[in-house]
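So this block is run.cif, mmCIF, C-alpha atoms:
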```
data_entry
loop_
_atom_site.group_PDB
_atom_site.id
_atom_site.type_symbol
_atom_site.label_atom_id
_atom_site.label_comp_id
_atom_site.auth_asym_id
_atom_site.auth_seq_id
_atom_site.Cartn_x
_atom_site.Cartn_y
_atom_site.Cartn_z
ATOM 1 C CA MET A 1 25.428 30.421 -11.547
ATOM 2 C CA ALA A 2 23.987 28.584 -8.582
ATOM 3 C CA GLU A 3 23.674 24.842 -8.814
ATOM 4 C CA ALA A 4 20.158 23.463 -8.660
ATOM 5 C CA HIS A 5 19.437 21.117 -5.805
ATOM 6 C CA HIS A 6 18.719 17.655 -7.136
ATOM 7 C CA ARG A 7 16.817 15.285 -4.932
ATOM 8 C CA LYS A 8 17.388 11.599 -5.545
ATOM 9 C CA LYS A 9 14.139 10.071 -6.710
ATOM 10 C CA GLN A 10 12.902 7.029 -4.851
ATOM 11 C CA PRO A 11 9.725 5.965 -6.662
ATOM 12 C CA GLU A 12 9.209 2.739 -4.701
ATOM 13 C CA GLN A 13 9.390 4.588 -1.386
ATOM 14 C CA VAL A 14 6.946 7.218 -2.629
ATOM 15 C CA ARG A 15 4.597 4.520 -3.934
ATOM 16 C CA ARG A 16 4.776 2.666 -0.604
ATOM 17 C CA ALA A 17 4.095 5.888 1.319
ATOM 18 C CA LEU A 18 1.065 6.622 -0.860
ATOM 19 C CA LEU A 19 -0.374 3.139 -0.274
ATOM 20 C CA ASP A 20 0.221 3.439 3.469
ATOM 21 C CA CYS A 21 -1.499 6.837 3.520
ATOM 22 C CA VAL A 22 -4.542 5.484 1.676
ATOM 23 C CA ALA A 23 -4.873 2.670 4.201
ATOM 24 C CA ALA A 24 -4.447 5.065 7.130
ATOM 25 C CA ILE A 25 -7.018 7.573 5.874
ATOM 26 C CA ALA A 26 -9.553 4.846 5.085
ATOM 27 C CA THR A 27 -9.046 3.248 8.498
ATOM 28 C CA GLU A 28 -9.065 6.448 10.545
ATOM 29 C CA GLN A 29 -11.638 8.555 8.689
ATOM 30 C CA GLY A 30 -13.554 6.202 6.410
ATOM 31 C CA LEU A 31 -13.709 5.910 2.647
ATOM 32 C CA GLY A 32 -15.635 9.171 2.347
ATOM 33 C CA ALA A 33 -12.520 11.074 3.427
ATOM 34 C CA LEU A 34 -10.352 9.354 0.844
ATOM 35 C CA THR A 35 -9.508 11.893 -1.846
ATOM 36 C CA ILE A 36 -6.494 12.305 -4.105
ATOM 37 C CA GLN A 37 -5.693 15.609 -2.370
ATOM 38 C CA ALA A 38 -5.997 14.101 1.135
ATOM 39 C CA VAL A 39 -3.617 11.273 0.222
ATOM 40 C CA ALA A 40 -1.144 13.671 -1.414
ATOM 41 C CA ASP A 41 -1.232 16.000 1.604
ATOM 42 C CA ARG A 42 -0.693 13.184 4.076
ATOM 43 C CA ALA A 43 2.147 11.682 2.021
ATOM 44 C CA GLY A 44 3.811 15.067 1.581
ATOM 45 C CA VAL A 45 3.689 15.015 -2.218
ATOM 46 C CA THR A 46 1.908 17.137 -4.772
ATOM 47 C CA LYS A 47 -1.297 15.985 -6.398
ATOM 48 C CA GLY A 48 0.671 15.751 -9.651
ATOM 49 C CA GLY A 49 3.288 13.623 -7.916
ATOM 50 C CA LEU A 50 0.602 11.228 -6.734
ATOM 51 C CA LEU A 51 -0.969 11.080 -10.194
ATOM 52 C CA HIS A 52 2.441 10.209 -11.631
ATOM 53 C CA HIS A 53 2.282 6.941 -9.677
ATOM 54 C CA PHE A 54 -1.475 6.296 -9.836
ATOM 55 C CA ASP A 55 -3.575 7.802 -12.604
ATOM 56 C CA SER A 56 -6.826 7.821 -10.628
ATOM 57 C CA LYS A 57 -8.386 7.298 -7.232
ATOM 58 C CA GLN A 58 -9.661 3.933 -8.476
ATOM 59 C CA ALA A 59 -6.127 2.858 -9.455
ATOM 60 C CA LEU A 60 -4.907 3.877 -6.006
ATOM 61 C CA ILE A 61 -7.612 1.872 -4.226
ATOM 62 C CA GLU A 62 -6.992 -1.158 -6.451
ATOM 63 C CA ALA A 63 -3.266 -0.968 -5.658
ATOM 64 C CA VAL A 64 -4.006 -0.921 -1.915
ATOM 65 C CA PHE A 65 -6.200 -4.015 -2.218
ATOM 66 C CA ALA A 66 -3.567 -5.787 -4.331
ATOM 67 C CA ASP A 67 -0.951 -4.909 -1.711
ATOM 68 C CA LEU A 68 -3.131 -6.233 1.126
ATOM 69 C CA LEU A 69 -3.807 -9.474 -0.748
ATOM 70 C CA GLU A 70 -0.090 -9.893 -1.408
ATOM 71 C CA LYS A 71 0.638 -9.476 2.315
ATOM 72 C CA LEU A 72 -2.089 -11.987 3.185
ATOM 73 C CA ASP A 73 -0.658 -14.496 0.699
ATOM 74 C CA ARG A 74 2.814 -14.122 2.235
ATOM 75 C CA GLN A 75 1.441 -14.650 5.759
ATOM 76 C CA ILE A 76 -0.427 -17.758 4.630
ATOM 77 C CA ASP A 77 2.649 -19.163 2.869
ATOM 78 C CA ILE A 78 4.793 -18.608 5.965
ATOM 79 C CA ALA A 79 2.212 -20.305 8.192
ATOM 80 C CA ILE A 80 1.878 -23.273 5.806
ATOM 81 C CA ASP A 81 5.660 -23.726 5.710
ATOM 82 C CA ALA A 82 5.812 -23.651 9.516
ATOM 83 C CA ASP A 83 2.961 -26.143 10.013
ATOM 84 C CA PRO A 84 4.299 -29.620 10.844
ATOM 85 C CA GLN A 85 1.072 -31.315 9.733
ATOM 86 C CA PRO A 86 0.496 -30.967 5.966
ATOM 87 C CA THR A 87 -3.145 -32.059 5.985
ATOM 88 C CA GLY A 88 -5.278 -28.991 6.587
ATOM 89 C CA SER A 89 -2.307 -26.620 6.738
ATOM 90 C CA PHE A 90 -3.832 -24.140 4.269
ATOM 91 C CA THR A 91 -7.073 -23.912 6.233
ATOM 92 C CA ARG A 92 -5.236 -23.373 9.521
ATOM 93 C CA ALA A 93 -2.954 -20.779 7.934
ATOM 94 C CA TYR A 94 -5.878 -18.926 6.362
ATOM 95 C CA ILE A 95 -7.784 -18.782 9.649
ATOM 96 C CA ARG A 96 -4.709 -17.530 11.529
ATOM 97 C CA ALA A 97 -3.871 -14.884 8.942
#
```
Mind turning the file's structure into structure tokens?
Amino acid sequence: MAEAHHRKKQPEQVRRALLDCVAAIATEQGLGALTIQAVADRAGVTKGGLLHHFDSKQALIEAVFADLLEKLDRQIDIAIDADPQPTGSFTRAYIRA
């Protein structure tokens, strides 16, 4: 009997790829082009595979916004930590981010 090929699952990498694909499609083609199938095709996963990670288009969009806000927060924190003058450091960091 032939052995089945087992691919190691990497859910965080798949999730990250899906979020990146959503951002790319929205940026390049606009929100009107953003469909579950378009994201799945671009990420190289099945529609079912995408829906395993995100149960709807709305959940996918919300995850992208949460990811972007998290990145913005990290950039602001890094800029605040690097600012030698504490007064006004948040405002300067926010403007630079």
- Query: For Leu18 (chain A), which residue out of A:Arg92, A:Arg42, A:Arg74, A:His52 is the nearest one, using all atoms listed in the file?
  - Reply: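 Of A:Arg92, A:Arg42, A:Arg74, A:His52, the one nearest Leu18 (chain A) is A:Arg42, counting all atoms listed in the file.
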- So which one's closest to Thr46 (chain A), A:Ile95, A:Ile80, A:Thr87, A:Val14? Using only C-alpha atoms, please.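 Under the stated criterion, the closest residue is A:Val14.
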- Which residues come within 7 Å of Gln37 (chain A), counting only C-alpha atoms, excluding same-chain residues fewer than 3 positions away, as number ranges by chain? A: 40-41, 47
- Item | Atomic distance CA of Leu34 (chain A) - CA of His53 (chain A), expressed in Å with one decimal |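 Rounded to one decimal, the two atoms are 16.6 Å apart.
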- Message: Taking the file as I've supplied it (selection: the PyMOL selection byres ((chain A and resi 96) around 9)), which residues are included? Please answer as a ChimeraX atom specification.
- Response: /A:75-76,79,91-95,97
- Message: Once the PyMOL selection byres ((chain A and resi 59-67) around 10) has been evaluated on this model, what residues remain selected, and can you format them as a list in words?
- Response: Arg15, Arg16, Leu18, Leu19, Asp20, Cys21, Val22, Ala23, Ala26, Leu34, Ile36, Val39, Leu50, Leu51, His53, Phe54, Asp55, Ser56, Lys57, Gln58, Leu68, Leu69, Glu70, Lys71, Leu72 and Asp73 of chain A
- Task: Rounded to one decimal place, report the CA of Gly44 (chain A)-CA of Ala24 (chain A) distance in Å.
- Result: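 One can read the CA of Gly44 (chain A) to CA of Ala24 (chain A) distance as 14.1 Å.
Here CA of Pro11 (chain A) and CA of Gly49 (chain A) stand 10.1 Å from one another.
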- Using all atoms listed in the file, find the one residue out of A:Gln13, A:Gly48, A:Phe90, A:Gln29 that sits nearest to Ile78 (chain A).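 The shortest atom-to-atom distance to Ile78 (chain A) comes from A:Phe90.
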- Task: Go through A:Asp77, A:Val45, A:Gln10, A:Ala17 one by one, measure the shortest atom-to-atom distance of each to Ser89 (chain A) using only C-alpha atoms, and give the residue with the smallest value.
- Result: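 Closest residue, counting only C-alpha atoms: A:Asp77.
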